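Student: Hey, dropping structure_13.cif in here, mmCIF, C-alpha atoms:
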data_model
loop_
_atom_site.label_atom_id
_atom_site.label_comp_id
_atom_site.auth_asym_id
_atom_site.auth_seq_id
_atom_site.Cartn_x
_atom_site.Cartn_y
_atom_site.Cartn_z
CA MET V 1 -210.96 -9.35 97.59
CA HIS V 2 -209.19 -8.67 100.88
CA THR V 3 -206.97 -5.55 100.70
CA SER V 4 -203.77 -7.32 101.81
CA ALA V 5 -204.42 -10.03 99.22
CA THR V 6 -204.94 -7.35 96.55
CA TRP V 7 -201.78 -5.59 97.64
CA LEU V 8 -199.75 -8.81 97.55
CA MET V 9 -201.10 -9.73 94.12
CA SER V 10 -200.16 -6.26 92.85
CA LEU V 11 -196.71 -6.61 94.39
CA MET V 12 -196.16 -10.01 92.75
CA LEU V 13 -197.33 -8.63 89.39
CA SER V 14 -194.91 -5.75 89.79
CA LEU V 15 -192.15 -8.17 90.77
CA SER V 16 -192.88 -10.36 87.73
CA THR V 17 -192.81 -7.30 85.46
CA GLN V 18 -189.47 -6.21 86.92
CA VAL V 19 -188.01 -9.70 86.46
CA ALA V 20 -189.25 -9.85 82.86
CA ALA V 21 -187.71 -6.44 82.16
CA GLN V 22 -184.41 -7.58 83.67
CA HIS V 23 -184.45 -10.67 81.45
CA LYS V 24 -184.87 -8.49 78.36
CA HIS V 25 -182.52 -5.65 79.27
CA SER V 26 -179.70 -7.19 81.29
CA HIS V 27 -177.48 -10.22 81.48
CA ALA V 28 -180.31 -12.24 83.03
CA HIS V 29 -178.96 -15.44 81.50
CA GLU V 30 -175.83 -15.91 83.56
CA HIS V 31 -174.34 -19.37 83.96
CA GLY V 32 -174.09 -20.42 87.59
CA VAL V 33 -176.82 -17.97 88.67
CA VAL V 34 -180.34 -18.99 89.62
CA ARG V 35 -183.16 -16.55 90.28
CA LEU V 36 -185.97 -17.18 92.76
CA ASP V 37 -189.13 -15.20 93.40
CA VAL V 38 -190.72 -16.14 96.73
CA ALA V 39 -194.13 -14.97 97.92
CA VAL V 40 -195.77 -15.57 101.29
CA GLN V 41 -199.47 -14.92 101.74
CA GLY V 42 -201.64 -16.48 104.41
CA GLU V 43 -201.19 -20.25 104.28
CA SER V 44 -199.53 -20.08 100.87
CA LEU V 45 -195.81 -20.11 100.04
CA THR V 46 -194.96 -19.78 96.34
CA VAL V 47 -191.50 -20.20 94.81
CA ASN V 48 -190.70 -19.44 91.16
CA LEU V 49 -187.31 -20.55 89.84
CA ASP V 50 -185.53 -19.41 86.68
CA ALA V 51 -182.18 -20.98 85.78
CA PRO V 52 -179.93 -21.41 82.76
CA LEU V 53 -179.95 -25.10 81.83
CA ASP V 54 -176.15 -25.08 81.97
CA SER V 55 -176.39 -24.45 85.73
CA LEU V 56 -178.54 -27.56 86.17
CA VAL V 57 -177.47 -30.13 83.57
CA GLY V 58 -174.25 -28.73 82.08
CA PHE V 59 -175.64 -28.01 78.60
CA GLU V 60 -178.31 -25.78 77.03
CA ARG V 61 -179.73 -27.85 74.20
CA ALA V 62 -181.58 -31.07 73.69
CA PRO V 63 -179.63 -34.11 74.92
CA ARG V 64 -177.40 -35.63 72.22
CA ASN V 65 -176.79 -39.06 73.70
CA ASP V 66 -178.06 -41.51 76.33
CA LYS V 67 -175.83 -40.06 79.07
CA GLU V 68 -177.15 -36.53 78.49
CA ARG V 69 -180.76 -37.81 78.26
CA GLN V 70 -180.31 -39.58 81.61
CA ALA V 71 -178.85 -36.42 83.19
CA ALA V 72 -181.74 -34.32 81.82
CA ASP V 73 -184.34 -36.85 83.01
CA GLU V 74 -182.80 -36.92 86.50
CA VAL V 75 -182.79 -33.11 86.76
CA LEU V 76 -186.38 -32.86 85.55
CA ALA V 77 -187.52 -35.57 87.99
CA ARG V 78 -185.69 -33.89 90.89
CA LEU V 79 -187.21 -30.51 90.11
CA LYS V 80 -190.71 -31.90 89.56
CA SER V 81 -190.64 -33.67 92.93
CA GLY V 82 -189.25 -30.61 94.71
CA ALA V 83 -187.81 -32.97 97.35
CA GLY V 84 -185.29 -31.19 99.55
CA LEU V 85 -185.06 -28.12 97.33
CA PHE V 86 -187.30 -25.72 99.31
CA ASN V 87 -188.03 -26.28 103.00
CA GLY V 88 -189.91 -23.88 105.24
CA ASP V 89 -189.60 -24.04 109.01
CA ALA V 90 -190.66 -27.54 110.11
CA SER V 91 -193.00 -26.05 112.72
CA ALA V 92 -195.00 -24.32 109.93
CA GLN V 93 -195.91 -27.75 108.51
CA CYS V 94 -195.69 -26.77 104.85
CA THR V 95 -196.43 -29.36 102.18
CA LEU V 96 -195.92 -29.11 98.44
CA SER V 97 -199.31 -28.86 96.72
CA LYS V 98 -198.21 -28.11 93.15
CA ALA V 99 -195.00 -28.22 91.11
CA GLU V 100 -194.60 -27.26 87.47
CA VAL V 101 -191.37 -27.41 85.46
CA LYS V 102 -190.90 -25.97 81.96
CA ALA V 103 -187.81 -26.80 79.91
CA PRO V 104 -188.96 -27.33 76.30
CA VAL V 105 -185.46 -28.07 75.02
CA LEU V 106 -185.21 -31.07 77.39
CA GLU V 107 -188.56 -32.59 76.43
CA ALA V 108 -188.59 -35.76 74.37
CA GLY V 109 -188.35 -35.04 70.66
CA ALA V 110 -186.54 -31.69 71.02
CA THR V 111 -183.71 -31.18 68.55
CA ALA V 112 -180.13 -30.65 69.71
CA LYS V 113 -179.55 -26.97 68.88
CA GLY V 114 -177.01 -24.65 70.47
CA GLY V 115 -177.74 -21.33 72.14
CA HIS V 116 -178.99 -20.30 75.53
CA ALA V 117 -181.88 -22.12 77.14
CA ASP V 118 -183.49 -21.70 80.53
CA LEU V 119 -185.63 -23.77 82.83
CA GLU V 120 -188.59 -22.29 84.67
CA ALA V 121 -190.28 -23.96 87.61
CA SER V 122 -192.98 -22.97 90.06
CA TYR V 123 -193.87 -24.49 93.41
CA GLU V 124 -196.86 -23.91 95.66
CA PHE V 125 -196.86 -24.96 99.30
CA ARG V 126 -199.68 -24.95 101.85
CA CYS V 127 -198.65 -24.30 105.45
CA THR V 128 -200.80 -25.56 108.33
CA LEU V 129 -199.23 -23.12 110.81
CA PRO V 130 -198.18 -20.18 108.60
CA ALA V 131 -197.30 -17.95 111.57
CA GLN V 132 -194.35 -20.29 112.19
CA LEU V 133 -192.97 -19.73 108.67
CA ARG V 134 -189.97 -17.46 109.08
CA THR V 135 -187.25 -18.90 106.85
CA LEU V 136 -186.88 -20.89 103.66
CA ASP V 137 -184.02 -23.36 103.48
CA LEU V 138 -182.73 -23.96 99.94
CA GLY V 139 -181.16 -27.26 98.88
CA LEU V 140 -180.24 -25.99 95.41
CA PHE V 141 -176.49 -25.71 96.01
CA GLU V 142 -176.32 -29.32 97.16
CA ALA V 143 -178.57 -30.63 94.38
CA PHE V 144 -176.88 -28.74 91.53
CA LYS V 145 -173.11 -28.30 91.87
CA ARG V 146 -172.86 -25.82 88.97
CA ILE V 147 -174.96 -23.20 90.80
CA GLN V 148 -172.69 -20.52 92.27
CA ARG V 149 -175.18 -17.83 93.24
CA ILE V 150 -178.89 -17.59 94.00
CA ASP V 151 -180.60 -14.21 93.61
CA VAL V 152 -183.78 -14.23 95.69
CA GLN V 153 -186.65 -11.74 95.78
CA VAL V 154 -189.08 -12.26 98.65
CA ALA V 155 -192.50 -10.60 98.83
CA GLY V 156 -194.86 -10.71 101.78
CA ALA V 157 -197.59 -8.66 103.38
CA ARG V 158 -194.99 -6.33 104.94
CA GLY V 159 -192.97 -5.61 101.83
CA GLN V 160 -190.24 -7.17 99.79
CA VAL V 161 -186.54 -7.85 100.10
CA LYS V 162 -183.81 -8.95 97.72
CA VAL V 163 -181.08 -11.34 98.92
CA THR V 164 -178.07 -12.89 97.20
CA LEU V 165 -176.85 -16.27 98.44
CA ARG V 166 -173.44 -17.75 97.73
CA ARG V 167 -172.11 -21.11 98.87
CA PRO V 168 -172.39 -22.28 101.64
CA ALA V 169 -175.34 -19.97 102.60
CA ARG V 170 -178.70 -21.64 102.09
CA SER V 171 -181.31 -19.90 104.22
CA VAL V 172 -183.56 -16.97 103.29
CA ARG V 173 -185.49 -14.95 105.85
CA LEU V 174 -189.10 -14.49 104.76
CA VAL V 175 -190.97 -11.20 104.85
CA ARG V 176 -194.22 -11.71 106.79
#
Go ahead and express the file in the form of structure tokens.
Tutor:
Amino acid sequence: MHTSATWLMSLMLSLSTQVAAQHKHSHAHEHGVVRLDVAVQGESLTVNLDAPLDSLVGFERAPRNDKERQAADEVLARLKSGAGLFNGDASAQCTLSKAEVKAPVLEAGATAKGGHADLEASYEFRCTLPAQLRTLDLGLFEAFKRIQRIDVQVAGARGQVKVTLRRPARSVRLVR
């Protein structure tokens, strides 16, 4: 395996381990706060999202009625399509190649229990002109009005950076 690819994979593993440790040992579940891990390697742009369901749908349990089911279905559809949520520089010509959303409590047949529940999503993009990829524009604030802050960790071949976005900020500079 190429050394920069090995280094980036090690960095992402380290980043994932740090995030998992934060989730266990801090107030990782904070309403209004979304966490993103962004990795750039070659033609690939990967975005991992972790959010309390309250920040996306306004509740953290299975839907109790038709209105809540509709809201949950709309959020899941929006996240699965990825449309307008993550946009690299247009000149980089990035297209979404894979999207995966996990929110077991919102799936059909889930029971309406209280407590704290999160949604996890991952997105993979392929960029035709990766050298043009310098920023990532986030449409999360516009799509989900309950989000107040986005904590972003970006990893690339030249290192990593942590950024906090608050309304109306929406752009993250990528480490290349």
Student: What residues have an atom no more than 10 Å from (-183.0, -34.1, 75.9) in the file's own frame, counting only C-alpha atoms, and can you write them as JSON, numbers by chain?
Tutor: {"V": [59, 60, 61, 62, 63, 64, 65, 66, 67, 68, 69, 70, 71, 72, 73, 103, 104, 105, 106, 107, 108, 109, 110, 111, 112]}
Student: Might you spell out which residues the PyMOL selection byres ((chain V and resi 147-149) around 8) would select in the displayed file, as an mmCIF file with C-alpha atoms, in the coordinates of the input?
Tutor:
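Below is the file selection-v8.cif, written as the result:
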data_model
loop_
_atom_site.group_PDB
_atom_site.id
_atom_site.type_symbol
_atom_site.label_atom_id
_atom_site.label_comp_id
_atom_site.auth_asym_id
_atom_site.auth_seq_id
_atom_site.Cartn_x
_atom_site.Cartn_y
_atom_site.Cartn_z
ATOM 1 C CA HIS V 31 -174.340 -19.370 83.960
ATOM 2 C CA GLY V 32 -174.090 -20.420 87.590
ATOM 3 C CA VAL V 33 -176.820 -17.970 88.670
ATOM 4 C CA VAL V 34 -180.340 -18.990 89.620
ATOM 5 C CA SER V 55 -176.390 -24.450 85.730
ATOM 6 C CA LEU V 56 -178.540 -27.560 86.170
ATOM 7 C CA LEU V 140 -180.240 -25.990 95.410
ATOM 8 C CA PHE V 141 -176.490 -25.710 96.010
ATOM 9 C CA PHE V 144 -176.880 -28.740 91.530
ATOM 10 C CA LYS V 145 -173.110 -28.300 91.870
ATOM 11 C CA ARG V 146 -172.860 -25.820 88.970
ATOM 12 C CA ILE V 150 -178.890 -17.590 94.000
ATOM 13 C CA ASP V 151 -180.600 -14.210 93.610
ATOM 14 C CA THR V 164 -178.070 -12.890 97.200
ATOM 15 C CA LEU V 165 -176.850 -16.270 98.440
ATOM 16 C CA ARG V 166 -173.440 -17.750 97.730
ATOM 17 C CA ARG V 167 -172.110 -21.110 98.870
#
Student: I'd like the contact shell of Thr135 in chain V - 12 Å cut-off, all atoms listed in the file, skipping same-chain residues fewer than 5 positions apart - returned as a PDB file with C-alpha atoms, in the frame of the given file.
Tutor:
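Written output follows (result11.pdb):
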ATOM      1  CA  VAL V  38    -190.720 -16.140  96.730  1.00  0.00           C
ATOM      2  CA  ALA V  39    -194.130 -14.970  97.920  1.00  0.00           C
ATOM      3  CA  VAL V  40    -195.770 -15.570 101.290  1.00  0.00           C
ATOM      4  CA  LEU V  45    -195.810 -20.110 100.040  1.00  0.00           C
ATOM      5  CA  PHE V  86    -187.300 -25.720  99.310  1.00  0.00           C
ATOM      6  CA  ASN V  87    -188.030 -26.280 103.000  1.00  0.00           C
ATOM      7  CA  GLY V  88    -189.910 -23.880 105.240  1.00  0.00           C
ATOM      8  CA  ASP V  89    -189.600 -24.040 109.010  1.00  0.00           C
ATOM      9  CA  ALA V  90    -190.660 -27.540 110.110  1.00  0.00           C
ATOM     10  CA  SER V  91    -193.000 -26.050 112.720  1.00  0.00           C
ATOM     11  CA  ALA V  92    -195.000 -24.320 109.930  1.00  0.00           C
ATOM     12  CA  CYS V  94    -195.690 -26.770 104.850  1.00  0.00           C
ATOM     13  CA  PRO V 130    -198.180 -20.180 108.600  1.00  0.00           C
ATOM     14  CA  VAL V 154    -189.080 -12.260  98.650  1.00  0.00           C
ATOM     15  CA  ARG V 170    -178.700 -21.640 102.090  1.00  0.00           C
ATOM     16  CA  SER V 171    -181.310 -19.900 104.220  1.00  0.00           C
ATOM     17  CA  VAL V 172    -183.560 -16.970 103.290  1.00  0.00           C
ATOM     18  CA  ARG V 173    -185.490 -14.950 105.850  1.00  0.00           C
ATOM     19  CA  LEU V 174    -189.100 -14.490 104.760  1.00  0.00           C
ATOM     20  CA  VAL V 175    -190.970 -11.200 104.850  1.00  0.00           C
ATOM     21  CA  ARG V 176    -194.220 -11.710 106.790  1.00  0.00           C
TER      22      ARG V 176
END
Student: Quick one: distance from CA of Glu43 in chain V to CA of Glu120 in chain V in Å, one decimal?
Tutor: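 Separation between CA of Glu43 in chain V and CA of Glu120 in chain V: 23.4 Å.
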Student: I'd like to know which of V:Val47, V:Val57, V:Leu138, V:Gly84 is closest to Glu100 in chain V, using all atoms listed in the file.
Tutor: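 Closest to Glu100 in chain V, using all atoms listed in the file: V:Val47.
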Student: Step by step: locate range 56-82 of chain V in the block above, keep N, CA and C atoms, then write the file as a PDB file, in the first residue's frame.
Tutor:
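And here's result-v2.pdb as it stands now:
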ATOM      1  N   LEU V  56     -32.192  16.810  14.475  1.00  0.00           N
ATOM      2  CA  LEU V  56     -32.652  16.590  13.103  1.00  0.00           C
ATOM      3  C   LEU V  56     -34.169  16.514  12.981  1.00  0.00           C
ATOM      4  N   VAL V  57     -34.818  15.805  13.899  1.00  0.00           N
ATOM      5  CA  VAL V  57     -36.268  15.614  13.803  1.00  0.00           C
ATOM      6  C   VAL V  57     -37.049  16.204  14.977  1.00  0.00           C
ATOM      7  N   GLY V  58     -36.361  16.585  16.055  1.00  0.00           N
ATOM      8  CA  GLY V  58     -37.051  17.177  17.201  1.00  0.00           C
ATOM      9  C   GLY V  58     -37.462  16.183  18.271  1.00  0.00           C
ATOM     10  N   PHE V  59     -37.109  14.908  18.095  1.00  0.00           N
ATOM     11  CA  PHE V  59     -37.377  13.900  19.125  1.00  0.00           C
ATOM     12  C   PHE V  59     -36.338  12.792  18.991  1.00  0.00           C
ATOM     13  N   GLU V  60     -36.190  11.977  20.044  1.00  0.00           N
ATOM     14  CA  GLU V  60     -35.153  10.944  20.071  1.00  0.00           C
ATOM     15  C   GLU V  60     -35.715   9.574  20.413  1.00  0.00           C
ATOM     16  N   ARG V  61     -36.770   9.224  19.751  1.00  0.00           N
ATOM     17  CA  ARG V  61     -37.458   7.948  19.965  1.00  0.00           C
ATOM     18  C   ARG V  61     -38.162   7.599  18.676  1.00  0.00           C
ATOM     19  N   ALA V  62     -38.770   6.442  18.657  1.00  0.00           N
ATOM     20  CA  ALA V  62     -39.545   6.066  17.476  1.00  0.00           C
ATOM     21  C   ALA V  62     -40.722   7.035  17.330  1.00  0.00           C
ATOM     22  N   PRO V  63     -41.127   7.328  16.114  1.00  0.00           N
ATOM     23  CA  PRO V  63     -42.280   8.219  15.905  1.00  0.00           C
ATOM     24  C   PRO V  63     -43.536   7.650  16.562  1.00  0.00           C
ATOM     25  N   ARG V  64     -44.333   8.536  17.161  1.00  0.00           N
ATOM     26  CA  ARG V  64     -45.547   8.114  17.880  1.00  0.00           C
ATOM     27  C   ARG V  64     -46.819   8.321  17.071  1.00  0.00           C
ATOM     28  N   ASN V  65     -46.751   9.106  16.017  1.00  0.00           N
ATOM     29  CA  ASN V  65     -47.958   9.383  15.248  1.00  0.00           C
ATOM     30  C   ASN V  65     -47.568   9.622  13.784  1.00  0.00           C
ATOM     31  N   ASP V  66     -48.574   9.840  12.948  1.00  0.00           N
ATOM     32  CA  ASP V  66     -48.330  10.015  11.509  1.00  0.00           C
ATOM     33  C   ASP V  66     -47.471  11.238  11.215  1.00  0.00           C
ATOM     34  N   LYS V  67     -47.669  12.325  11.961  1.00  0.00           N
ATOM     35  CA  LYS V  67     -46.893  13.546  11.732  1.00  0.00           C
ATOM     36  C   LYS V  67     -45.410  13.304  12.034  1.00  0.00           C
ATOM     37  N   GLU V  68     -45.126  12.621  13.141  1.00  0.00           N
ATOM     38  CA  GLU V  68     -43.741  12.307  13.487  1.00  0.00           C
ATOM     39  C   GLU V  68     -43.138  11.310  12.500  1.00  0.00           C
ATOM     40  N   ARG V  69     -43.910  10.333  12.042  1.00  0.00           N
ATOM     41  CA  ARG V  69     -43.425   9.350  11.059  1.00  0.00           C
ATOM     42  C   ARG V  69     -43.057  10.073   9.765  1.00  0.00           C
ATOM     43  N   GLN V  70     -43.912  11.027   9.348  1.00  0.00           N
ATOM     44  CA  GLN V  70     -43.633  11.775   8.123  1.00  0.00           C
ATOM     45  C   GLN V  70     -42.351  12.597   8.284  1.00  0.00           C
ATOM     46  N   ALA V  71     -42.191  13.257   9.445  1.00  0.00           N
ATOM     47  CA  ALA V  71     -40.983  14.052   9.693  1.00  0.00           C
ATOM     48  C   ALA V  71     -39.741  13.156   9.668  1.00  0.00           C
ATOM     49  N   ALA V  72     -39.824  11.994  10.304  1.00  0.00           N
ATOM     50  CA  ALA V  72     -38.695  11.056  10.321  1.00  0.00           C
ATOM     51  C   ALA V  72     -38.379  10.562   8.915  1.00  0.00           C
ATOM     52  N   ASP V  73     -39.405  10.214   8.155  1.00  0.00           N
ATOM     53  CA  ASP V  73     -39.197   9.731   6.782  1.00  0.00           C
ATOM     54  C   ASP V  73     -38.548  10.803   5.910  1.00  0.00           C
ATOM     55  N   GLU V  74     -38.981  12.056   6.083  1.00  0.00           N
ATOM     56  CA  GLU V  74     -38.404  13.154   5.299  1.00  0.00           C
ATOM     57  C   GLU V  74     -36.930  13.368   5.640  1.00  0.00           C
ATOM     58  N   VAL V  75     -36.599  13.323   6.931  1.00  0.00           N
ATOM     59  CA  VAL V  75     -35.204  13.489   7.347  1.00  0.00           C
ATOM     60  C   VAL V  75     -34.352  12.350   6.812  1.00  0.00           C
ATOM     61  N   LEU V  76     -34.825  11.120   6.947  1.00  0.00           N
ATOM     62  CA  LEU V  76     -34.064   9.977   6.451  1.00  0.00           C
ATOM     63  C   LEU V  76     -33.857  10.068   4.939  1.00  0.00           C
ATOM     64  N   ALA V  77     -34.899  10.438   4.201  1.00  0.00           N
ATOM     65  CA  ALA V  77     -34.779  10.566   2.747  1.00  0.00           C
ATOM     66  C   ALA V  77     -33.783  11.667   2.377  1.00  0.00           C
ATOM     67  N   ARG V  78     -33.846  12.790   3.081  1.00  0.00           N
ATOM     68  CA  ARG V  78     -32.932  13.906   2.795  1.00  0.00           C
ATOM     69  C   ARG V  78     -31.485  13.496   3.043  1.00  0.00           C
ATOM     70  N   LEU V  79     -31.259  12.814   4.158  1.00  0.00           N
ATOM     71  CA  LEU V  79     -29.902  12.386   4.487  1.00  0.00           C
ATOM     72  C   LEU V  79     -29.405  11.296   3.547  1.00  0.00           C
ATOM     73  N   LYS V  80     -30.273  10.379   3.158  1.00  0.00           N
ATOM     74  CA  LYS V  80     -29.856   9.309   2.257  1.00  0.00           C
ATOM     75  C   LYS V  80     -29.516   9.835   0.871  1.00  0.00           C
ATOM     76  N   SER V  81     -30.197  10.888   0.444  1.00  0.00           N
ATOM     77  CA  SER V  81     -29.899  11.453  -0.883  1.00  0.00           C
ATOM     78  C   SER V  81     -28.639  12.312  -0.833  1.00  0.00           C
ATOM     79  N   GLY V  82     -28.380  12.935   0.316  1.00  0.00           N
ATOM     80  CA  GLY V  82     -27.217  13.797   0.467  1.00  0.00           C
ATOM     81  C   GLY V  82     -27.329  15.113  -0.291  1.00  0.00           C
TER      82      GLY V  82
END
